[in-house]
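Source file: model.pdb (PDB, C-alpha atoms)
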ATOM      1  CA  MET I   1     112.695 112.958  82.786  1.00  0.00           C
ATOM      2  CA  ASN I   2     115.002 110.224  81.578  1.00  0.00           C
ATOM      3  CA  GLN I   3     116.337 108.782  84.811  1.00  0.00           C
ATOM      4  CA  SER I   4     118.862 106.523  83.130  1.00  0.00           C
ATOM      5  CA  THR I   5     121.352 109.401  83.223  1.00  0.00           C
ATOM      6  CA  PRO I   6     122.342 109.416  86.008  1.00  0.00           C
ATOM      7  CA  LEU I   7     121.349 106.008  87.361  1.00  0.00           C
ATOM      8  CA  ILE I   8     119.445 106.604  90.599  1.00  0.00           C
ATOM      9  CA  ASN I   9     118.141 103.664  92.601  1.00  0.00           C
ATOM     10  CA  HIS I  10     116.096 104.916  95.526  1.00  0.00           C
ATOM     11  CA  PHE I  11     114.616 102.575  98.116  1.00  0.00           C
ATOM     12  CA  VAL I  12     112.641 103.198 101.271  1.00  0.00           C
ATOM     13  CA  ALA I  13     111.695 100.808 104.072  1.00  0.00           C
ATOM     14  CA  LEU I  14     109.324 101.406 106.940  1.00  0.00           C
ATOM     15  CA  ILE I  15     109.815  98.740 109.585  1.00  0.00           C
ATOM     16  CA  ARG I  16     107.788  98.107 112.704  1.00  0.00           C
ATOM     17  CA  LEU I  17     109.487  96.084 115.450  1.00  0.00           C
ATOM     18  CA  GLU I  18     108.376  94.617 118.737  1.00  0.00           C
ATOM     19  CA  GLY I  19     110.249  93.312 121.748  1.00  0.00           C
ATOM     20  CA  VAL I  20     113.256  95.588 121.293  1.00  0.00           C
ATOM     21  CA  GLU I  21     114.736  96.207 124.733  1.00  0.00           C
ATOM     22  CA  VAL I  22     117.813  98.155 123.653  1.00  0.00           C
ATOM     23  CA  TRP I  23     117.203 100.561 120.797  1.00  0.00           C
ATOM     24  CA  GLU I  24     120.685 102.103 120.813  1.00  0.00           C
ATOM     25  CA  ASN I  25     122.064  99.643 118.251  1.00  0.00           C
ATOM     26  CA  VAL I  26     119.054  99.242 115.971  1.00  0.00           C
ATOM     27  CA  ALA I  27     119.990 101.931 113.453  1.00  0.00           C
ATOM     28  CA  SER I  28     123.690 101.059 113.419  1.00  0.00           C
ATOM     29  CA  ASP I  29     123.024  97.310 113.072  1.00  0.00           C
ATOM     30  CA  LEU I  30     120.648  97.948 110.168  1.00  0.00           C
ATOM     31  CA  ALA I  31     123.151 100.299 108.543  1.00  0.00           C
ATOM     32  CA  ALA I  32     125.994  97.789 108.929  1.00  0.00           C
ATOM     33  CA  SER I  33     123.895  95.088 107.272  1.00  0.00           C
ATOM     34  CA  ILE I  34     122.829  97.320 104.390  1.00  0.00           C
ATOM     35  CA  ILE I  35     126.357  98.640 103.801  1.00  0.00           C
ATOM     36  CA  GLN I  36     127.909  95.165 103.851  1.00  0.00           C
ATOM     37  CA  LYS I  37     125.301  93.284 101.820  1.00  0.00           C
ATOM     38  CA  LEU I  38     124.939  95.967  99.154  1.00  0.00           C
ATOM     39  CA  LYS I  39     128.713  96.599  99.037  1.00  0.00           C
ATOM     40  CA  LEU I  40     128.326 100.310  99.739  1.00  0.00           C
ATOM     41  CA  THR I  41     131.318 102.524 100.506  1.00  0.00           C
ATOM     42  CA  VAL I  42     131.030 105.013 103.368  1.00  0.00           C
ATOM     43  CA  ILE I  43     132.877 108.296 102.874  1.00  0.00           C
ATOM     44  CA  LYS I  44     131.523 110.028 105.980  1.00  0.00           C
ATOM     45  CA  SER I  45     128.881 109.284 108.583  1.00  0.00           C
ATOM     46  CA  ASP I  46     127.211 111.046 111.440  1.00  0.00           C
ATOM     47  CA  SER I  47     124.513 110.334 113.992  1.00  0.00           C
ATOM     48  CA  HIS I  48     122.391 112.098 116.541  1.00  0.00           C
ATOM     49  CA  GLN I  49     120.556 110.790 119.575  1.00  0.00           C
ATOM     50  CA  PHE I  50     117.339 112.677 120.195  1.00  0.00           C
ATOM     51  CA  SER I  51     115.968 113.366 123.640  1.00  0.00           C
ATOM     52  CA  PRO I  52     114.267 111.502 125.219  1.00  0.00           C
ATOM     53  CA  GLN I  53     114.743 108.862 122.519  1.00  0.00           C
ATOM     54  CA  GLY I  54     115.145 108.238 118.807  1.00  0.00           C
ATOM     55  CA  GLU I  55     118.192 108.330 116.586  1.00  0.00           C
ATOM     56  CA  THR I  56     119.121 109.569 113.135  1.00  0.00           C
ATOM     57  CA  ARG I  57     122.147 108.198 111.294  1.00  0.00           C
ATOM     58  CA  VAL I  58     123.280 109.536 107.932  1.00  0.00           C
ATOM     59  CA  TYR I  59     125.943 107.999 105.701  1.00  0.00           C
ATOM     60  CA  LEU I  60     127.481 109.877 102.822  1.00  0.00           C
ATOM     61  CA  LEU I  61     128.377 107.097 100.378  1.00  0.00           C
ATOM     62  CA  SER I  62     130.506 106.978  97.270  1.00  0.00           C
ATOM     63  CA  GLN I  63     127.232 105.719  95.740  1.00  0.00           C
ATOM     64  CA  SER I  64     125.072 108.529  97.270  1.00  0.00           C
ATOM     65  CA  HIS I  65     123.508 108.323 100.745  1.00  0.00           C
ATOM     66  CA  LEU I  66     121.799 106.216 103.380  1.00  0.00           C
ATOM     67  CA  ALA I  67     119.754 107.632 106.250  1.00  0.00           C
ATOM     68  CA  ILE I  68     118.080 105.735 109.066  1.00  0.00           C
ATOM     69  CA  HIS I  69     115.698 107.120 111.676  1.00  0.00           C
ATOM     70  CA  THR I  70     114.300 105.311 114.699  1.00  0.00           C
ATOM     71  CA  TRP I  71     111.203 106.155 116.723  1.00  0.00           C
ATOM     72  CA  PRO I  72     111.375 103.792 119.722  1.00  0.00           C
ATOM     73  CA  GLU I  73     108.125 105.220 121.108  1.00  0.00           C
ATOM     74  CA  ASP I  74     106.340 103.941 117.992  1.00  0.00           C
ATOM     75  CA  GLY I  75     108.533 100.884 117.418  1.00  0.00           C
ATOM     76  CA  VAL I  76     109.326 102.229 113.956  1.00  0.00           C
ATOM     77  CA  VAL I  77     112.447 102.503 111.793  1.00  0.00           C
ATOM     78  CA  HIS I  78     112.648 104.397 108.504  1.00  0.00           C
ATOM     79  CA  VAL I  79     115.388 103.512 106.010  1.00  0.00           C
ATOM     80  CA  ASP I  80     116.153 105.749 103.029  1.00  0.00           C
ATOM     81  CA  LEU I  81     118.778 104.669 100.489  1.00  0.00           C
ATOM     82  CA  VAL I  82     119.731 106.541  97.323  1.00  0.00           C
ATOM     83  CA  SER I  83     122.359 104.792  95.235  1.00  0.00           C
ATOM     84  CA  CYS I  84     123.844 105.071  91.793  1.00  0.00           C
ATOM     85  CA  SER I  85     124.843 101.388  91.945  1.00  0.00           C
ATOM     86  CA  ASN I  86     122.718  98.570  90.571  1.00  0.00           C
ATOM     87  CA  ILE I  87     120.400  97.512  93.375  1.00  0.00           C
ATOM     88  CA  ASN I  88     116.992  95.920  92.977  1.00  0.00           C
ATOM     89  CA  GLU I  89     114.185  95.665  95.516  1.00  0.00           C
ATOM     90  CA  PRO I  90     114.844  92.012  96.487  1.00  0.00           C
ATOM     91  CA  ASP I  91     118.496  92.928  97.208  1.00  0.00           C
ATOM     92  CA  PHE I  92     117.322  95.808  99.367  1.00  0.00           C
ATOM     93  CA  MET I  93     114.831  93.623 101.243  1.00  0.00           C
ATOM     94  CA  LEU I  94     117.566  91.087 102.015  1.00  0.00           C
ATOM     95  CA  ALA I  95     119.933  93.851 103.079  1.00  0.00           C
ATOM     96  CA  ILE I  96     117.604  95.278 105.716  1.00  0.00           C
ATOM     97  CA  LYS I  97     117.436  91.884 107.428  1.00  0.00           C
ATOM     98  CA  ALA I  98     120.110  92.563 110.010  1.00  0.00           C
ATOM     99  CA  GLU I  99     120.847  89.365 111.900  1.00  0.00           C
ATOM    100  CA  ASP I 100     120.383  90.733 115.396  1.00  0.00           C
ATOM    101  CA  ILE I 101     117.070  92.471 114.847  1.00  0.00           C
ATOM    102  CA  SER I 102     115.176  91.113 111.842  1.00  0.00           C
ATOM    103  CA  HIS I 103     113.461  88.477 114.024  1.00  0.00           C
ATOM    104  CA  LYS I 104     111.818  91.407 115.822  1.00  0.00           C
ATOM    105  CA  PHE I 105     110.238  92.743 112.607  1.00  0.00           C
ATOM    106  CA  ILE I 106     106.458  92.552 112.762  1.00  0.00           C
ATOM    107  CA  GLU I 107     105.788  94.595 109.631  1.00  0.00           C
ATOM    108  CA  VAL I 108     108.033  95.688 106.775  1.00  0.00           C
ATOM    109  CA  LYS I 109     107.014  97.892 103.885  1.00  0.00           C
ATOM    110  CA  THR I 110     109.633  98.492 101.209  1.00  0.00           C
ATOM    111  CA  GLN I 111     109.298 100.464  98.021  1.00  0.00           C
ATOM    112  CA  LYS I 112     111.351 101.626  95.088  1.00  0.00           C
ATOM    113  CA  VAL I 113     110.984 105.353  94.545  1.00  0.00           C
ATOM    114  CA  SER I 114     110.737 106.035  90.820  1.00  0.00           C
TER     115      SER I 114
ATOM    116  CA  MET B 115     101.241 100.349 108.130  1.00  0.00           C
ATOM    117  CA  ASN B 116      99.678 103.378 109.738  1.00  0.00           C
ATOM    118  CA  GLN B 117     102.105 106.154 108.866  1.00  0.00           C
ATOM    119  CA  SER B 118     100.448 108.720 111.087  1.00  0.00           C
ATOM    120  CA  THR B 119     102.657 107.512 113.943  1.00  0.00           C
ATOM    121  CA  PRO B 120     105.288 108.768 113.429  1.00  0.00           C
ATOM    122  CA  LEU B 121     104.494 111.530 110.947  1.00  0.00           C
ATOM    123  CA  ILE B 122     106.851 111.109 108.000  1.00  0.00           C
ATOM    124  CA  ASN B 123     106.711 113.535 105.089  1.00  0.00           C
ATOM    125  CA  HIS B 124     109.089 112.398 102.371  1.00  0.00           C
ATOM    126  CA  PHE B 125     109.669 114.429  99.202  1.00  0.00           C
ATOM    127  CA  VAL B 126     111.959 113.911  96.249  1.00  0.00           C
ATOM    128  CA  ALA B 127     112.867 116.281  93.435  1.00  0.00           C
ATOM    129  CA  LEU B 128     114.776 115.520  90.269  1.00  0.00           C
ATOM    130  CA  ILE B 129     115.872 118.752  88.616  1.00  0.00           C
ATOM    131  CA  ARG B 130     117.529 119.260  85.250  1.00  0.00           C
ATOM    132  CA  LEU B 131     119.380 122.539  84.752  1.00  0.00           C
ATOM    133  CA  GLU B 132     121.068 124.203  81.819  1.00  0.00           C
ATOM    134  CA  GLY B 133     123.506 127.051  81.540  1.00  0.00           C
ATOM    135  CA  VAL B 134     125.141 126.455  84.912  1.00  0.00           C
ATOM    136  CA  GLU B 135     128.734 127.664  84.687  1.00  0.00           C
ATOM    137  CA  VAL B 136     129.694 127.178  88.318  1.00  0.00           C
ATOM    138  CA  TRP B 137     128.280 124.024  89.886  1.00  0.00           C
ATOM    139  CA  GLU B 138     130.097 124.404  93.218  1.00  0.00           C
ATOM    140  CA  ASN B 139     127.246 126.324  94.858  1.00  0.00           C
ATOM    141  CA  VAL B 140     124.244 124.572  93.339  1.00  0.00           C
ATOM    142  CA  ALA B 141     123.718 122.020  96.122  1.00  0.00           C
ATOM    143  CA  SER B 142     124.431 124.469  98.947  1.00  0.00           C
ATOM    144  CA  ASP B 143     122.170 127.168  97.433  1.00  0.00           C
ATOM    145  CA  LEU B 144     119.337 124.662  97.060  1.00  0.00           C
ATOM    146  CA  ALA B 145     119.866 123.410 100.598  1.00  0.00           C
ATOM    147  CA  ALA B 146     119.890 126.941 102.020  1.00  0.00           C
ATOM    148  CA  SER B 147     116.613 127.722 100.272  1.00  0.00           C
ATOM    149  CA  ILE B 148     114.939 124.510 101.448  1.00  0.00           C
ATOM    150  CA  ILE B 149     116.162 124.894 105.031  1.00  0.00           C
ATOM    151  CA  GLN B 150     115.057 128.522 105.251  1.00  0.00           C
ATOM    152  CA  LYS B 151     111.690 128.263 103.501  1.00  0.00           C
ATOM    153  CA  LEU B 152     110.631 125.069 105.284  1.00  0.00           C
ATOM    154  CA  LYS B 153     111.997 126.283 108.646  1.00  0.00           C
ATOM    155  CA  LEU B 154     114.199 123.226 109.091  1.00  0.00           C
ATOM    156  CA  THR B 155     116.796 123.024 111.869  1.00  0.00           C
ATOM    157  CA  VAL B 156     120.238 121.668 110.987  1.00  0.00           C
ATOM    158  CA  ILE B 157     121.950 119.654 113.729  1.00  0.00           C
ATOM    159  CA  LYS B 158     124.915 118.498 111.640  1.00  0.00           C
ATOM    160  CA  SER B 159     125.891 118.642 107.990  1.00  0.00           C
ATOM    161  CA  ASP B 160     128.575 117.241 105.755  1.00  0.00           C
ATOM    162  CA  SER B 161     129.507 117.332 102.098  1.00  0.00           C
ATOM    163  CA  HIS B 162     131.793 115.619  99.648  1.00  0.00           C
ATOM    164  CA  GLN B 163     133.119 116.751  96.288  1.00  0.00           C
ATOM    165  CA  PHE B 164     133.516 113.845  93.894  1.00  0.00           C
ATOM    166  CA  SER B 165     136.276 113.642  91.305  1.00  0.00           C
ATOM    167  CA  PRO B 166     136.159 114.850  88.591  1.00  0.00           C
ATOM    168  CA  GLN B 167     132.838 116.477  89.489  1.00  0.00           C
ATOM    169  CA  GLY B 168     129.618 116.093  91.427  1.00  0.00           C
ATOM    170  CA  GLU B 169     128.757 116.803  95.029  1.00  0.00           C
ATOM    171  CA  THR B 170     126.786 115.182  97.820  1.00  0.00           C
ATOM    172  CA  ARG B 171     125.550 117.195 100.784  1.00  0.00           C
ATOM    173  CA  VAL B 172     123.747 115.619 103.734  1.00  0.00           C
ATOM    174  CA  TYR B 173     122.002 117.483 106.542  1.00  0.00           C
ATOM    175  CA  LEU B 174     120.974 115.794 109.762  1.00  0.00           C
ATOM    176  CA  LEU B 175     117.928 117.790 110.839  1.00  0.00           C
ATOM    177  CA  SER B 176     115.973 117.969 114.055  1.00  0.00           C
ATOM    178  CA  GLN B 177     113.097 117.030 111.715  1.00  0.00           C
ATOM    179  CA  SER B 178     115.014 114.119 110.031  1.00  0.00           C
ATOM    180  CA  HIS B 179     117.292 114.583 107.003  1.00  0.00           C
ATOM    181  CA  LEU B 180     117.958 116.327 103.707  1.00  0.00           C
ATOM    182  CA  ALA B 181     120.361 115.035 101.069  1.00  0.00           C
ATOM    183  CA  ILE B 182     121.286 116.671  97.770  1.00  0.00           C
ATOM    184  CA  HIS B 183     123.360 115.169  94.966  1.00  0.00           C
ATOM    185  CA  THR B 184     124.564 116.912  91.824  1.00  0.00           C
ATOM    186  CA  TRP B 185     125.682 115.352  88.548  1.00  0.00           C
ATOM    187  CA  PRO B 186     127.101 118.288  86.557  1.00  0.00           C
ATOM    188  CA  GLU B 187     127.905 115.986  83.621  1.00  0.00           C
ATOM    189  CA  ASP B 188     124.186 115.270  83.256  1.00  0.00           C
ATOM    190  CA  GLY B 189     122.960 118.686  84.430  1.00  0.00           C
ATOM    191  CA  VAL B 190     120.971 116.915  87.152  1.00  0.00           C
ATOM    192  CA  VAL B 191     120.287 117.518  90.854  1.00  0.00           C
ATOM    193  CA  HIS B 192     118.508 115.055  93.149  1.00  0.00           C
ATOM    194  CA  VAL B 193     116.890 116.334  96.355  1.00  0.00           C
ATOM    195  CA  ASP B 194     115.706 113.953  99.070  1.00  0.00           C
ATOM    196  CA  LEU B 195     113.912 115.337 102.131  1.00  0.00           C
ATOM    197  CA  VAL B 196     112.473 113.290 104.990  1.00  0.00           C
ATOM    198  CA  SER B 197     110.739 115.350 107.643  1.00  0.00           C
ATOM    199  CA  CYS B 198     108.478 114.791 110.606  1.00  0.00           C
ATOM    200  CA  SER B 199     107.183 118.364 110.262  1.00  0.00           C
ATOM    201  CA  ASN B 200     104.071 119.316 108.328  1.00  0.00           C
ATOM    202  CA  ILE B 201     105.168 119.944 104.761  1.00  0.00           C
ATOM    203  CA  ASN B 202     103.042 119.561 101.657  1.00  0.00           C
ATOM    204  CA  GLU B 203     104.160 119.208  98.053  1.00  0.00           C
ATOM    205  CA  PRO B 204     103.445 122.842  97.041  1.00  0.00           C
ATOM    206  CA  ASP B 205     105.601 124.004  99.991  1.00  0.00           C
ATOM    207  CA  PHE B 206     108.375 121.683  98.834  1.00  0.00           C
ATOM    208  CA  MET B 207     108.122 122.905  95.230  1.00  0.00           C
ATOM    209  CA  LEU B 208     108.429 126.515  96.368  1.00  0.00           C
ATOM    210  CA  ALA B 209     111.342 125.642  98.658  1.00  0.00           C
ATOM    211  CA  ILE B 210     113.472 124.138  95.884  1.00  0.00           C
ATOM    212  CA  LYS B 211     113.240 127.389  93.905  1.00  0.00           C
ATOM    213  CA  ALA B 212     116.523 128.850  95.084  1.00  0.00           C
ATOM    214  CA  GLU B 213     116.810 132.414  93.845  1.00  0.00           C
ATOM    215  CA  ASP B 214     120.202 132.104  92.193  1.00  0.00           C
ATOM    216  CA  ILE B 215     119.545 128.943  90.222  1.00  0.00           C
ATOM    217  CA  SER B 216     115.827 128.283  89.700  1.00  0.00           C
ATOM    218  CA  HIS B 217     115.855 130.325  86.463  1.00  0.00           C
ATOM    219  CA  LYS B 218     118.201 127.635  85.115  1.00  0.00           C
ATOM    220  CA  PHE B 219     115.693 124.832  85.731  1.00  0.00           C
ATOM    221  CA  ILE B 220     114.554 123.260  82.477  1.00  0.00           C
ATOM    222  CA  GLU B 221     112.716 120.318  84.034  1.00  0.00           C
ATOM    223  CA  VAL B 222     111.558 119.621  87.580  1.00  0.00           C
ATOM    224  CA  LYS B 223     109.882 116.455  88.775  1.00  0.00           C
ATOM    225  CA  THR B 224     108.759 116.397  92.399  1.00  0.00           C
ATOM    226  CA  GLN B 225     106.950 113.656  94.227  1.00  0.00           C
ATOM    227  CA  LYS B 226     105.715 112.788  97.673  1.00  0.00           C
ATOM    228  CA  VAL B 227     106.901 109.342  98.732  1.00  0.00           C
ATOM    229  CA  SER B 228     104.064 107.566 100.500  1.00  0.00           C
TER     230      SER B 228
END
With the file now loaded, output its structure as structure tokens.
Amino acid sequence: MNQSTPLINHFVALIRLEGVEVWENVASDLAASIIQKLKLTVIKSDSHQFSPQGETRVYLLSQSHLAIHTWPEDGVVHVDLVSCSNINEPDFMLAIKAEDISHKFIEVKTQKVS
Amino acid sequence: MNQSTPLINHFVALIRLEGVEVWENVASDLAASIIQKLKLTVIKSDSHQFSPQGETRVYLLSQSHLAIHTWPEDGVVHVDLVSCSNINEPDFMLAIKAEDISHKFIEVKTQKVS
């Protein structure tokens, strides 16, 4: 299928962190970095704290959507961004480097979904 | 990275339709089919109608998230499902066949995101 109409840029990151003492802000800090650095516009957002731990945040964007899930028990964050704006993989990699937490990254796997 | 902890099943579908006269229900019909057939549990959901057309629906699930975007001007629907439940690609393909609209599919591309 010709994906040039519509333009769909889809990126995924799987991040493993260590030394995180407070997980409550991890997803929101990552989201804030991604939204600011990629100049995304949030129309609506929602989040849910799972019991006993873990969080899902979803952002409905004028460019499509962003969803972030954390699994503190595994030290893992999953980032899923679908956008109709021009974003390339290096931009996405820079965007997930949120100032407060990127120094805790011990493994990052990003990919562009075709 | 070992993706077995946590379990993340991520599926994407790009669907091209023809002969759709009323696009308003396409995303919600697809979502209802996916949620029912894959036994997903919706915690929260939201949607946005773009001007002049197009819709984004996001579902925060107990299993992770589902997002659906429509581009009526291109006859295209994008489905993005991240789930920590056991779903395989044939299950996903069956789930996107919503009764009221799957006969309008002229092209379907599904993939499992690794």
Applying 8 Å and all atoms listed in the file, which residues near Val196 in chain B remain after dropping the ones on its own chain fewer than 3 positions away? List them as a ChimeraX atom specification. /B:122-125,177-180
List the neighbours of range 158-162 of chain B out to 9 Å using all atoms listed in the file; skip same-chain residues closer than 3 positions along the sequence, and give me the result as an NGL selection string. (:I and (43-48 or 60)) or (:B and (168-175))
Go through the shown structure with the PyMOL selection byres ((chain I and resi 23) around 10) and write out the matching residues as a ChimeraX atom specification. /I:20-22,24-28,53-55,70-72,75
Output C-alpha atoms for every residue in the selection just made, as a compact mmCIF listing (two decimals), keeping the file's coordinate frame.
# COMPACT_ATOMS: atom_id res chain seq x y z
CA VAL I 20 113.26 95.59 121.29
CA GLU I 21 114.74 96.21 124.73
CA VAL I 22 117.81 98.16 123.65
CA GLU I 24 120.68 102.10 120.81
CA ASN I 25 122.06 99.64 118.25
CA VAL I 26 119.05 99.24 115.97
CA ALA I 27 119.99 101.93 113.45
CA SER I 28 123.69 101.06 113.42
CA GLN I 53 114.74 108.86 122.52
CA GLY I 54 115.14 108.24 118.81
CA GLU I 55 118.19 108.33 116.59
CA THR I 70 114.30 105.31 114.70
CA TRP I 71 111.20 106.16 116.72
CA PRO I 72 111.38 103.79 119.72
CA GLY I 75 108.53 100.88 117.42
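Here the selection is built from all atoms listed in the file, and the residues within 10 Å of (118.9, 125.6, 99.1) turn out to be Asn139, Val140, Ala141, Ser142, Asp143, Leu144, Ala145, Ala146, Ser147, Ile148, Ile149, Gln150, Lys151, Ile182, Val193, Ala209, Ile210, Lys211, Ala212, Glu213, Asp214 and Ile215 of chain B.
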So that I can see what lies close to range 108-113 of chain I, please list as a ChimeraX atom specification the residues with an atom at most 9 Å from it, counting all atoms listed in the file and leaving out residues fewer than 4 positions away in the same chain. /I:9-17,88-89,92-93 /B:115,126,227
Put those residues in a file: C-alpha atoms, as a PDB file, in the coordinates of the input.
ATOM      1  CA  ASN I   9     118.141 103.664  92.601  1.00  0.00           C
ATOM      2  CA  HIS I  10     116.096 104.916  95.526  1.00  0.00           C
ATOM      3  CA  PHE I  11     114.616 102.575  98.116  1.00  0.00           C
ATOM      4  CA  VAL I  12     112.641 103.198 101.271  1.00  0.00           C
ATOM      5  CA  ALA I  13     111.695 100.808 104.072  1.00  0.00           C
ATOM      6  CA  LEU I  14     109.324 101.406 106.940  1.00  0.00           C
ATOM      7  CA  ILE I  15     109.815  98.740 109.585  1.00  0.00           C
ATOM      8  CA  ARG I  16     107.788  98.107 112.704  1.00  0.00           C
ATOM      9  CA  LEU I  17     109.487  96.084 115.450  1.00  0.00           C
ATOM     10  CA  ASN I  88     116.992  95.920  92.977  1.00  0.00           C
ATOM     11  CA  GLU I  89     114.185  95.665  95.516  1.00  0.00           C
ATOM     12  CA  PHE I  92     117.322  95.808  99.367  1.00  0.00           C
ATOM     13  CA  MET I  93     114.831  93.623 101.243  1.00  0.00           C
TER      14      MET I  93
ATOM     15  CA  MET B 115     101.241 100.349 108.130  1.00  0.00           C
ATOM     16  CA  VAL B 126     111.959 113.911  96.249  1.00  0.00           C
ATOM     17  CA  VAL B 227     106.901 109.342  98.732  1.00  0.00           C
TER      18      VAL B 227
END
As an exercise, work out the distance from CA of Val191 in chain B to CA of Asp91 in chain I in Å and give it to one decimal place.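 These two atoms are separated by 25.5 Å.
In this model, the gap between CA of His183 in chain B and CA of Leu38 in chain I comes to 19.7 Å.
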Build an axis-aligned box that encloses every atom of range 205-215 of chain B listed in the file, pad it by 8 Å on each side, and report its centre and edge lengths in Å to one decimal, as JSON.
{"center_x": 112.9, "center_y": 127.0, "center_z": 95.1, "size_x": 30.6, "size_y": 26.7, "size_z": 25.8}
Please measure the separation of CA of Ser85 in chain I and CA of Ser62 in chain I, giving the value in Å to one decimal. 9.6 Å
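Remark: for chain I, the closest of the candidate residues B:Ala181, B:Gly133, B:Ser165, B:Thr155 is B:Ala181 (distances computed over only C-alpha atoms).
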